[in-house]
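**Student:** Okay, so here is input.txt, and as you'll see once you scroll down, it has compact mmCIF, C-alpha atoms.
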# COMPACT_ATOMS: atom_id res chain seq x y z
CA MET O 140 -14.58 25.78 55.25
CA ARG O 141 -18.00 24.17 55.75
CA GLN O 142 -19.84 27.13 54.20
CA ARG O 143 -17.54 28.07 51.32
CA PRO O 144 -18.12 24.95 49.17
CA TRP O 145 -21.86 25.37 49.66
CA LEU O 146 -21.72 29.03 48.66
CA VAL O 147 -19.52 28.33 45.63
CA LEU O 148 -21.71 25.49 44.37
CA VAL O 149 -24.96 27.37 44.93
CA GLY O 150 -23.57 30.56 43.41
CA GLY O 151 -22.02 28.78 40.43
CA PHE O 152 -24.82 26.45 39.47
CA GLY O 153 -27.51 28.93 40.59
CA GLY O 154 -25.96 31.62 38.39
CA LEU O 155 -25.77 29.20 35.48
CA LEU O 156 -29.42 28.25 35.92
CA LEU O 157 -30.43 31.92 36.15
CA LEU O 158 -28.45 32.70 33.00
CA MET O 159 -30.11 29.84 31.13
CA ALA O 160 -33.55 30.83 32.44
CA ALA O 161 -33.04 34.46 31.35
CA ALA O 162 -31.83 33.38 27.93
CA GLU O 163 -34.72 30.97 27.46
CA THR O 164 -37.22 33.62 28.60
CA GLY O 165 -35.79 36.14 26.15
CA ALA O 166 -35.92 33.59 23.32
CA LEU O 167 -39.53 32.68 24.13
CA LEU O 168 -40.55 36.36 24.21
CA PHE O 169 -38.80 36.98 20.90
CA LEU O 170 -40.47 33.94 19.32
CA HIS O 171 -43.83 35.12 20.59
CA SER O 172 -43.22 38.57 19.09
CA LEU O 173 -42.11 36.98 15.81
CA ARG O 174 -45.17 34.78 15.67
CA HIS O 175 -47.46 37.71 16.51
CA SER O 176 -45.83 39.85 13.78
CA GLY O 177 -46.24 37.06 11.22
CA THR O 178 -49.87 36.53 12.16
CA GLU O 179 -50.58 40.26 12.08
CA LEU O 180 -48.88 40.63 8.68
CA GLN O 181 -50.83 37.72 7.24
CA SER O 182 -54.12 39.01 8.63
CA HIS O 183 -53.41 42.52 7.26
CA PHE O 184 -52.62 41.12 3.82
CA LEU O 185 -55.70 38.91 3.73
CA ALA O 186 -57.98 41.76 4.84
CA ARG O 187 -56.59 44.16 2.21
CA ASN O 188 -56.75 41.45 -0.42
CA ARG O 189 -60.40 40.68 0.43
CA THR O 190 -61.26 44.41 0.25
CA LEU O 191 -59.52 44.79 -3.11
CA GLU O 192 -61.24 41.69 -4.46
CA GLN O 193 -64.56 43.11 -3.34
CA ILE O 194 -63.82 46.38 -5.23
CA ARG O 195 -62.84 44.48 -8.35
CA SER O 196 -65.88 42.23 -8.11
CA ASN O 197 -68.22 45.19 -7.64
CA ILE O 198 -66.73 46.98 -10.66
CA TYR O 199 -67.10 43.86 -12.77
CA LEU O 200 -70.68 43.32 -11.61
CA SER O 201 -71.47 46.99 -12.19
CA GLY O 202 -70.71 46.52 -15.88
CA THR O 203 -73.06 43.58 -15.98
CA PHE O 204 -75.84 45.50 -14.23
CA ALA O 205 -75.27 48.55 -16.49
CA ARG O 206 -75.48 46.34 -19.58
CA ASP O 207 -78.68 44.72 -18.33
CA SER O 208 -80.22 48.12 -17.53
CA LEU O 209 -79.41 49.34 -21.05
CA LEU O 210 -80.77 46.21 -22.70
CA ALA O 211 -83.92 45.99 -20.55
CA PRO O 212 -87.00 46.24 -22.80
CA GLU O 213 -89.09 47.96 -20.14
CA VAL O 214 -88.48 50.87 -17.81
CA SER O 215 -89.25 48.82 -14.69
CA GLY O 216 -86.49 46.31 -15.52
CA ALA O 217 -84.00 49.12 -16.07
CA LYS O 218 -84.89 50.66 -12.72
CA ALA O 219 -84.25 47.36 -10.92
CA GLN O 220 -80.79 47.13 -12.47
CA ILE O 221 -80.11 50.77 -11.57
CA ALA O 222 -81.09 50.06 -7.93
CA ALA O 223 -78.63 47.14 -7.91
CA LEU O 224 -75.97 49.46 -9.29
CA GLU O 225 -76.61 51.94 -6.47
CA ASN O 226 -76.10 49.20 -3.92
CA LEU O 227 -72.86 48.18 -5.61
CA ARG O 228 -71.75 51.82 -5.62
CA ARG O 229 -72.32 52.17 -1.87
CA GLU O 230 -70.49 48.89 -1.15
CA THR O 231 -67.63 49.97 -3.39
CA GLU O 232 -67.35 53.33 -1.62
CA THR O 233 -67.26 51.58 1.75
CA ALA O 234 -64.58 49.17 0.51
CA LEU O 235 -62.54 52.08 -0.89
CA GLU O 236 -62.71 53.90 2.47
CA THR O 237 -61.64 50.73 4.29
CA TYR O 238 -58.75 50.13 1.89
CA ALA O 239 -57.65 53.77 2.11
CA GLN O 240 -57.04 53.34 5.87
CA SER O 241 -54.43 50.60 5.26
CA LEU O 242 -52.49 52.11 2.36
CA GLU O 243 -48.79 51.48 2.10
CA PRO O 244 -46.51 54.43 1.11
CA GLY O 245 -46.08 53.14 -2.47
CA GLU O 246 -49.80 52.56 -3.03
CA SER O 247 -51.08 56.15 -2.65
CA ALA O 248 -50.66 57.22 -6.31
CA PRO O 249 -52.18 54.04 -7.84
CA PHE O 250 -55.03 54.18 -5.34
CA ARG O 251 -55.78 57.83 -6.17
CA ALA O 252 -55.83 56.94 -9.87
CA LEU O 253 -58.17 54.03 -9.14
CA ARG O 254 -60.40 56.27 -7.07
CA SER O 255 -60.50 58.90 -9.83
CA GLN O 256 -61.33 56.28 -12.47
CA ILE O 257 -64.10 54.80 -10.32
CA ASP O 258 -65.61 58.23 -9.67
CA ALA O 259 -65.53 59.04 -13.38
CA TYR O 260 -67.00 55.62 -14.10
CA TRP O 261 -69.94 56.25 -11.77
CA ARG O 262 -70.48 59.70 -13.24
CA VAL O 263 -70.66 58.21 -16.74
CA LEU O 264 -73.16 55.66 -15.47
CA ASP O 265 -75.19 58.41 -13.83
CA ARG O 266 -75.77 59.97 -17.28
CA THR O 267 -77.32 56.78 -18.59
CA PHE O 268 -79.77 56.63 -15.68
CA ALA O 269 -81.54 59.77 -17.10
CA TRP O 270 -81.84 58.49 -20.67
CA THR O 271 -85.23 58.09 -22.24
CA PRO O 272 -86.10 54.74 -23.76
CA GLU O 273 -85.40 56.12 -27.20
CA GLU O 274 -81.99 57.46 -26.14
CA ARG O 275 -81.18 54.15 -24.44
CA ILE O 276 -82.07 52.20 -27.60
CA LYS O 277 -80.13 54.56 -29.78
CA GLY O 278 -76.89 54.91 -27.77
CA ARG O 279 -76.65 51.79 -25.63
CA PHE O 280 -74.40 49.74 -27.86
CA ALA O 281 -72.02 52.59 -28.53
CA PHE O 282 -71.90 53.47 -24.84
CA PHE O 283 -71.36 49.84 -23.78
CA TYR O 284 -68.48 49.13 -26.12
CA GLU O 285 -66.92 52.59 -26.33
CA GLU O 286 -67.32 53.87 -22.75
CA LEU O 287 -68.22 51.17 -20.26
CA ILE O 288 -65.94 48.31 -21.32
CA PRO O 289 -62.76 50.44 -21.71
CA ARG O 290 -63.31 52.22 -18.39
CA ARG O 291 -64.01 48.95 -16.59
CA THR O 292 -60.91 47.36 -18.10
CA SER O 293 -58.78 50.37 -17.07
CA MET O 294 -60.09 50.19 -13.48
CA LEU O 295 -59.43 46.47 -13.30
CA GLN O 296 -55.88 47.04 -14.51
CA ILE O 297 -55.36 49.66 -11.80
CA ALA O 298 -56.79 47.19 -9.26
CA ASP O 299 -54.33 44.61 -10.52
CA ARG O 300 -51.49 47.10 -9.94
CA ILE O 301 -52.71 47.69 -6.39
CA ALA O 302 -52.93 43.92 -5.87
CA ALA O 303 -49.34 43.62 -7.08
CA LEU O 304 -48.33 46.35 -4.62
CA ASN O 305 -50.18 44.46 -1.89
CA GLU O 306 -48.20 41.35 -2.72
CA ASP O 307 -45.03 43.43 -2.66
CA SER O 308 -46.02 44.63 0.79
CA LEU O 309 -46.45 41.00 1.85
CA LYS O 310 -43.01 40.21 0.49
CA ARG O 311 -41.52 43.14 2.40
CA GLY O 312 -43.24 41.84 5.53
CA ASP O 313 -41.78 38.42 4.87
CA GLU O 314 -38.37 40.00 4.49
CA LYS O 315 -38.85 41.79 7.82
CA LEU O 316 -39.84 38.50 9.40
CA GLY O 317 -36.78 36.89 7.85
CA ALA O 318 -34.62 39.65 9.30
CA LEU O 319 -36.27 39.14 12.68
CA PHE O 320 -35.70 35.42 12.39
CA GLY O 321 -32.05 36.07 11.54
CA ARG O 322 -31.80 38.25 14.63
CA LEU O 323 -33.37 35.44 16.60
CA GLN O 324 -30.78 33.01 15.25
CA MET O 325 -27.97 35.38 16.13
CA GLY O 326 -29.49 35.88 19.55
CA LEU O 327 -29.77 32.15 20.09
CA VAL O 328 -26.16 31.65 18.97
CA ALA O 329 -25.07 34.46 21.29
CA MET O 330 -27.15 32.97 24.11
CA ILE O 331 -25.61 29.54 23.57
CA ALA O 332 -22.13 31.04 23.44
CA ILE O 333 -22.69 33.11 26.58
CA THR O 334 -24.24 30.13 28.36
CA LEU O 335 -21.34 27.89 27.36
CA LEU O 336 -18.74 30.48 28.34
CA GLY O 337 -20.54 31.24 31.58
CA GLY O 338 -20.99 27.56 32.31
CA ALA O 339 -17.33 26.90 31.51
CA ALA O 340 -16.25 29.78 33.76
CA LEU O 341 -18.51 28.65 36.58
CA ALA O 342 -17.46 25.03 36.12
CA GLY O 343 -13.81 26.07 36.08
CA LEU O 344 -14.27 28.12 39.24
CA THR O 345 -16.12 25.27 40.92
CA ILE O 346 -13.53 22.71 39.83
CA PHE O 347 -10.73 24.98 41.01
CA HIS O 348 -12.38 25.41 44.39
CA ILE O 349 -13.16 21.70 44.68
CA LEU O 350 -9.58 20.81 43.76
CA ARG O 351 -8.31 23.26 46.32
CA LEU O 352 -10.63 21.74 48.90
CA GLU O 353 -9.48 18.29 47.82
CA GLY O 354 -5.89 19.38 48.32
CA GLU O 355 -6.79 20.77 51.72
CA VAL O 356 -8.59 17.55 52.63
CA GLN O 357 -5.64 15.52 51.35
CA ARG O 358 -3.25 17.61 53.42
CA ARG O 359 -5.47 17.24 56.48
CA LEU O 360 -5.74 13.52 55.81
CA GLU O 361 -1.98 13.20 55.56
CA GLU O 362 -1.64 15.16 58.79
CA SER O 363 -4.26 12.93 60.40
CA VAL O 364 -2.52 9.78 59.14
CA GLN O 365 0.80 11.12 60.34
CA ALA O 366 -0.73 12.04 63.70
CA GLN O 367 -2.36 8.61 63.92
CA SER O 368 0.94 6.98 63.05
CA SER O 369 2.64 9.09 65.69
CA LEU O 370 -0.02 8.12 68.21
CA GLN O 371 0.38 4.47 67.32
CA GLU O 372 4.14 4.85 67.63
CA LEU O 373 3.69 6.56 70.97
CA SER O 374 1.24 3.87 72.09
CA ALA O 375 3.69 1.15 71.06
CA LYS O 376 6.49 2.90 72.89
CA LEU O 377 4.30 3.27 75.97
CA VAL O 378 3.40 -0.42 75.83
CA ARG O 379 7.05 -1.39 75.48
CA ALA O 380 8.03 1.01 78.22
CA GLN O 381 5.29 -0.44 80.42
CA GLU O 382 6.49 -3.97 79.75
CA GLU O 383 10.08 -2.96 80.44
CA GLU O 384 9.00 -1.22 83.61
CA ARG O 385 7.01 -4.25 84.71
CA ARG O 386 9.94 -6.50 83.92
CA ALA O 387 12.31 -4.27 85.89
CA LEU O 388 9.88 -4.01 88.82
CA SER O 389 9.31 -7.75 88.78
CA ARG O 390 13.07 -8.34 88.77
CA GLU O 391 13.65 -5.79 91.54
CA LEU O 392 10.92 -7.29 93.67
CA HIS O 393 12.21 -10.80 93.12
CA ASP O 394 15.92 -10.06 93.41
CA GLU O 395 16.02 -7.32 96.02
CA VAL O 396 12.89 -7.30 98.15
CA GLY O 397 12.27 -11.03 97.81
CA GLN O 398 15.84 -11.85 98.81
CA SER O 399 15.63 -9.47 101.78
CA PHE O 400 12.51 -11.23 103.01
CA SER O 401 14.22 -14.57 102.36
CA ALA O 402 17.18 -13.43 104.47
CA VAL O 403 14.86 -12.36 107.29
CA LEU O 404 13.10 -15.73 107.07
CA MET O 405 16.42 -17.63 107.16
CA GLU O 406 17.65 -15.63 110.16
CA ALA O 407 14.37 -16.26 111.97
CA GLU O 408 14.67 -19.97 111.23
CA ASN O 409 18.29 -19.98 112.47
CA LEU O 410 17.29 -18.27 115.70
CA LEU O 411 14.48 -20.75 116.23
CA ASP O 412 16.93 -23.62 115.72
CA LEU O 413 19.04 -22.22 118.65
CA GLU O 414 16.13 -22.91 121.05
CA PRO O 415 15.62 -19.39 122.37
CA ALA O 416 13.87 -18.55 125.60
CA ALA O 417 10.18 -19.26 125.86
CA GLU O 418 9.22 -15.60 125.85
CA VAL O 419 11.30 -14.94 122.65
CA ARG O 420 10.10 -17.92 120.54
CA PRO O 421 6.58 -16.55 119.82
CA ARG O 422 8.10 -13.33 118.54
CA LEU O 423 10.56 -15.17 116.32
CA GLU O 424 7.76 -17.35 114.95
CA SER O 425 5.73 -14.20 114.22
CA ILE O 426 8.71 -12.69 112.39
CA ARG O 427 9.10 -15.92 110.40
CA ASP O 428 5.41 -15.95 109.44
CA VAL O 429 5.50 -12.30 108.38
CA ALA O 430 8.60 -12.92 106.31
CA GLN O 431 7.02 -15.96 104.68
CA LYS O 432 3.88 -13.99 103.91
CA GLY O 433 5.97 -11.14 102.46
CA ILE O 434 7.84 -13.61 100.25
CA ASP O 435 4.54 -15.01 98.95
CA GLU O 436 3.15 -11.53 98.28
CA ILE O 437 6.32 -10.38 96.55
CA ARG O 438 6.35 -13.52 94.38
CA ASN O 439 2.70 -13.02 93.42
CA MET O 440 3.26 -9.34 92.64
CA ALA O 441 6.33 -10.14 90.56
CA LEU O 442 4.45 -12.83 88.64
CA LEU O 443 1.50 -10.52 88.01
CA LEU O 444 3.77 -7.76 86.79
CA ARG O 445 5.81 -9.95 84.45
CA PRO O 446 6.02 -13.71 85.01
CA SER O 447 9.61 -14.74 84.66
CA MET O 448 8.49 -18.03 83.14
CA LEU O 449 7.23 -16.08 80.08
CA ASP O 450 10.85 -15.11 79.37
CA ASP O 451 12.45 -18.28 80.70
CA PHE O 452 10.10 -21.08 79.57
CA GLY O 453 7.80 -19.53 76.91
CA LEU O 454 4.17 -18.67 76.30
CA VAL O 455 2.36 -21.90 77.11
CA PRO O 456 3.79 -22.37 80.65
CA ALA O 457 3.01 -18.72 81.42
CA LEU O 458 -0.57 -19.12 80.19
CA ASP O 459 -0.94 -22.38 82.12
CA TRP O 460 0.21 -20.63 85.30
CA GLN O 461 -2.14 -17.72 84.59
CA ALA O 462 -5.05 -20.15 84.16
CA ARG O 463 -4.28 -21.96 87.42
CA GLU O 464 -3.89 -18.72 89.39
CA THR O 465 -7.12 -17.28 87.99
CA ALA O 466 -9.04 -20.49 88.74
CA LYS O 467 -7.56 -20.56 92.28
CA ARG O 468 -8.38 -16.88 92.90
CA THR O 469 -11.89 -16.72 91.33
CA GLY O 470 -13.21 -20.26 91.30
CA MET O 471 -13.73 -20.24 87.51
CA HIS O 472 -12.96 -23.34 85.51
CA VAL O 473 -10.31 -22.27 82.99
CA GLN O 474 -9.44 -24.70 80.20
CA LEU O 475 -6.31 -24.06 78.12
CA ASN O 476 -5.59 -25.73 74.77
CA SER O 477 -2.49 -24.87 72.76
CA GLU O 478 -0.60 -26.22 69.78
CA GLY O 479 2.02 -24.98 67.34
CA THR O 480 3.06 -22.01 69.49
CA ASP O 481 6.83 -22.58 69.63
CA GLU O 482 9.41 -19.99 68.55
CA LEU O 483 7.17 -16.94 68.76
CA PRO O 484 8.57 -13.38 68.66
CA GLU O 485 8.72 -11.59 71.97
CA GLU O 486 6.05 -9.07 71.04
CA HIS O 487 3.67 -11.84 70.01
CA LYS O 488 4.18 -13.72 73.28
CA THR O 489 3.69 -10.55 75.32
CA CYS O 490 0.61 -9.55 73.32
CA ILE O 491 -1.08 -12.94 73.66
CA TYR O 492 -0.27 -13.20 77.34
CA ARG O 493 -1.64 -9.70 78.10
CA VAL O 494 -4.78 -10.30 76.04
CA VAL O 495 -5.47 -13.57 77.89
CA GLN O 496 -4.71 -11.91 81.23
CA GLU O 497 -7.13 -9.01 80.54
CA ALA O 498 -9.78 -11.37 79.13
CA LEU O 499 -9.67 -13.61 82.22
CA ASN O 500 -9.90 -10.58 84.51
CA ASN O 501 -12.95 -9.34 82.57
CA CYS O 502 -14.57 -12.77 82.77
CA ALA O 503 -14.11 -12.80 86.51
CA ARG O 504 -14.96 -9.18 87.31
CA HIS O 505 -17.70 -8.30 84.80
CA ALA O 506 -19.10 -11.40 83.08
CA GLN O 507 -19.44 -13.58 86.24
CA ALA O 508 -18.51 -16.55 84.07
CA SER O 509 -18.14 -20.04 85.49
CA THR O 510 -16.25 -21.60 82.56
CA VAL O 511 -13.67 -20.09 80.26
CA GLN O 512 -12.02 -21.84 77.33
CA VAL O 513 -8.72 -20.48 75.98
CA VAL O 514 -7.38 -21.84 72.68
CA VAL O 515 -4.01 -20.85 71.21
CA ARG O 516 -2.73 -22.42 68.00
CA GLY O 517 -0.45 -21.70 65.11
CA GLU O 518 -1.94 -22.00 61.61
CA ASN O 519 -0.76 -20.88 58.13
CA ARG O 520 1.94 -18.60 59.54
CA ARG O 521 -0.51 -17.06 61.94
CA ILE O 522 -1.05 -17.34 65.64
CA LEU O 523 -4.74 -17.63 66.53
CA LEU O 524 -6.22 -16.98 69.96
CA SER O 525 -9.81 -17.39 71.10
CA VAL O 526 -11.28 -16.87 74.57
CA LEU O 527 -14.84 -18.15 75.05
CA ASP O 528 -16.84 -17.73 78.27
CA ASP O 529 -20.38 -18.52 79.44
CA GLY O 530 -20.87 -15.22 81.24
CA SER O 531 -23.56 -12.55 81.06
CA GLY O 532 -22.25 -10.99 77.83
CA PHE O 533 -22.56 -7.35 76.74
CA ASP O 534 -23.16 -5.11 73.71
CA PRO O 535 -19.76 -4.41 72.06
CA GLY O 536 -21.25 -1.48 70.15
CA ARG O 537 -22.10 0.40 73.35
CA VAL O 538 -19.64 -0.88 75.93
CA ARG O 539 -15.97 -0.19 75.14
CA GLY O 540 -13.74 -0.05 78.19
CA MET O 541 -10.05 0.75 78.38
CA GLY O 542 -9.19 -2.92 78.73
CA LEU O 543 -10.73 -3.77 75.35
CA VAL O 544 -9.14 -0.70 73.77
CA GLY O 545 -5.74 -1.70 75.13
CA MET O 546 -6.08 -5.27 73.86
CA GLU O 547 -7.15 -4.09 70.40
CA GLU O 548 -4.30 -1.58 70.25
CA ARG O 549 -1.75 -4.28 71.02
CA VAL O 550 -3.18 -6.54 68.31
CA ARG O 551 -3.45 -3.78 65.69
CA HIS O 552 0.13 -2.74 66.36
CA LEU O 553 1.32 -6.19 65.32
CA GLY O 554 -0.81 -6.13 62.14
CA GLY O 555 -3.41 -8.53 63.51
CA THR O 556 -7.19 -8.62 63.64
CA PHE O 557 -9.31 -8.24 66.75
CA GLU O 558 -12.94 -9.43 66.96
CA ILE O 559 -15.50 -9.61 69.75
CA ASP O 560 -18.77 -11.50 69.43
CA SER O 561 -21.04 -10.99 72.39
CA HIS O 562 -24.71 -10.51 73.22
CA PRO O 563 -26.33 -9.87 76.59
CA GLY O 564 -27.10 -13.21 78.22
CA ARG O 565 -25.19 -15.29 75.63
CA GLY O 566 -21.56 -15.07 76.74
CA THR O 567 -18.59 -13.59 74.89
CA ARG O 568 -16.13 -14.85 72.29
CA LEU O 569 -12.89 -12.95 71.74
CA ALA O 570 -10.76 -13.88 68.72
CA ILE O 571 -7.46 -12.46 67.50
CA ALA O 572 -5.16 -13.43 64.65
CA LEU O 573 -1.52 -12.31 64.49
CA PRO O 574 0.61 -12.78 61.36
CA LEU O 575 3.82 -14.68 61.96
CA VAL O 576 6.82 -13.16 60.15
CA SER O 577 10.40 -14.15 60.88
CA LEU O 578 12.60 -11.64 62.63
CA ASN O 579 14.43 -9.46 60.14
CA GLY O 580 17.82 -9.66 61.75
CA LYS O 581 17.49 -6.38 63.66
CA GLY O 582 15.44 -7.78 66.49
CA SER O 583 12.14 -6.48 65.11
CA ASN O 584 9.07 -8.19 63.80
CA GLY O 585 8.79 -8.08 60.03
CA THR O 586 5.27 -6.62 60.05
CA ASN O 587 6.12 -3.53 62.10
CA PRO O 588 9.21 -1.34 62.44
CA HIS O 589 9.53 -1.62 66.20
CA PRO O 590 12.01 -3.87 67.93
CA ALA O 591 10.63 -6.83 69.79
CA VAL O 592 10.15 -6.34 73.53
Just give me the structure of the file as structure tokens.
**Tutor:**
Amino acid sequence: MRQRPWLVLVGGFGGLLLLMAAAETGALLFLHSLRHSGTELQSHFLARNRTLEQIRSNIYLSGTFARDSLLAPEVSGAKAQIAALENLRRETETALETYAQSLEPGESAPFRALRSQIDAYWRVLDRTFAWTPEERIKGRFAFFYEELIPRRTSMLQIADRIAALNEDSLKRGDEKLGALFGRLQMGLVAMIAITLLGGAALAGLTIFHILRLEGEVQRRLEESVQAQSSLQELSAKLVRAQEEERRALSRELHDEVGQSFSAVLMEAENLLDLEPAAEVRPRLESIRDVAQKGIDEIRNMALLLRPSMLDDFGLVPALDWQARETAKRTGMHVQLNSEGTDELPEEHKTCIYRVVQEALNNCARHAQASTVQVVVRGENRRILLSVLDDGSGFDPGRVRGMGLVGMEERVRHLGGTFEIDSHPGRGTRLAIALPLVSLNGKGSNGTNPHPAV
């Protein structure tokens, strides 16, 4: 039972965290792939577009250089323009080879047409490079307007078609990216749904287990409360049985044994009044003394067990006798103050008397006190008792004898409060408060279901 909640919580929330981590990792990888694809598509388009622009620019410039070579008045100027045209031709061929490596399926036919037109264009230009100055003067205008310009325009149109195809390729790439983004959205929605469902399932399982544990704890608590109630009931019955037994023993000692010793004492006194022989008198006096001592011991034992004055005269006379006997036996100065303690229930009188009796015994045996003050008073339908001594004191948190436990159990049984304030070297103060409730007509105190002793 100690491990299962730990395992359920770790498994549930750990599984949920793992599920979320896996989903987030997958989403990050997909986003990285999407970003890389977009960047690659854009770079590919820009590179192809730059190559195509270079081809178009070279073709346009070639017309300018060809025109200048045809219109040059001297042969040296024409040769310079022809050299520039050769450089443009080499650059154009390089650009065409570069562009050919990145052709899309729909661009092959237009590119072949462009390549054919460019080759034919350069072949036409090659013929002009061998013209004599007279041939150049004679045919340059016709060649420029009838051959060069139309061919250049046709090539530029083909280049424009390829550029349009390049843009179409970019659009198709954008559509692919859009499809990938849609897949990402669907994946994110699925991830959120799975995470929510998994989290709900794990939360439901955890809540179910916690509720079951709560029910188990509640059942154990009820059993514990019932057992504690049974123990308190048993303790109360034992206390009542003890008091009844003490009362019966006290009565038996007083009525039976005490009267027997009284009879022996009376017979010894009667025999002594008859003036027996000298050798018999010492024995009769010894019997009288033993009987007197037995009567005193029996009376003390009976009073210690259950003073009859507690039942006959009430609480205050019994406490006053207890204080005098304790002071006589131990030498302590015991001061008793009482007020408003008339008409107490039997259990309250017995409880207060036993608490004072145990407290005085502790003061004498353990605290080595010289002065003890006992105060009993009725206040606001409560009976308050305090016992204050000037003894050695103790630590209530560490020292807890059976006497203190018994006193507290008696007080708790009657619905009262029990407090001890003590420190080593500073004496001890014991305070109890018992609620006063009228008897309910069944001989029991109103605050507990047990009949009064």
**Student:** Would you list the contacts of Arg463 in chain O as a PyMOL selection string, taking every protein, DNA or RNA residue within 12 Å and counting all atoms listed in the file, but skipping same-chain residues closer than 3 positions in sequence?
**Tutor:** chain O and resi 456-460+466-475+496+499+511
**Student:** If you measure from CA of Thr345 in chain O to CA of Ser363 in chain O, what distance in Å do you get, rounded to one decimal?
**Tutor:** 25.9 Å
**Student:** Under the rule that only C-alpha atoms are counted, which of O:Ile194, O:Val544, O:Leu573, O:Leu423 is the nearest residue to Ile257 in chain O?
**Tutor:**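 Among O:Ile194, O:Val544, O:Leu573, O:Leu423, it is O:Ile194 that comes nearest to Ile257 in chain O.
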**Student:** List every protein, DNA or RNA residue that has at least one atom no more than 12 Å from (-29.6, 37.3, 18.1) in the file's coordinates, counting only C-alpha atoms, and write the result as a list in words.
**Tutor:**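 Answer for this query, in the requested form: Ala162, Gly165, Ala166, Phe169, Leu170, Ala318, Leu319, Phe320, Gly321, Arg322, Leu323, Gln324, Met325, Gly326, Leu327, Val328, Ala329, Met330, Ile331, Ala332 and Ile333 of chain O.
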**Student:** Find the residue from O:Gly338, O:Gly530, O:Gly177, O:Gly354 that sits nearest to Glu314 in chain O; use all atoms listed in the file when measuring.
**Tutor:**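 Closest residue, counting all atoms listed in the file: O:Gly177.
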**Student:** Rounded to one decimal in Å, what is the spacing between CA of Ala340 in chain O and CA of Leu167 in chain O?
**Tutor:**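 That distance, rounded to one decimal, is 25.4 Å.
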**Student:** Any idea what the distance is between CA of Ile426 in chain O and CA of Glu395 in chain O?
**Tutor:**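 Between CA of Ile426 in chain O and CA of Glu395 in chain O the gap works out to 18.7 Å.
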**Student:** Do a neighbour search on Leu377 in chain O at 12 Å with only C-alpha atoms, toss out local chain neighbours closer than 6 positions, and write the hits as a ChimeraX atom specification.
**Tutor:** /O:369-371,383-385,545,548-549,592
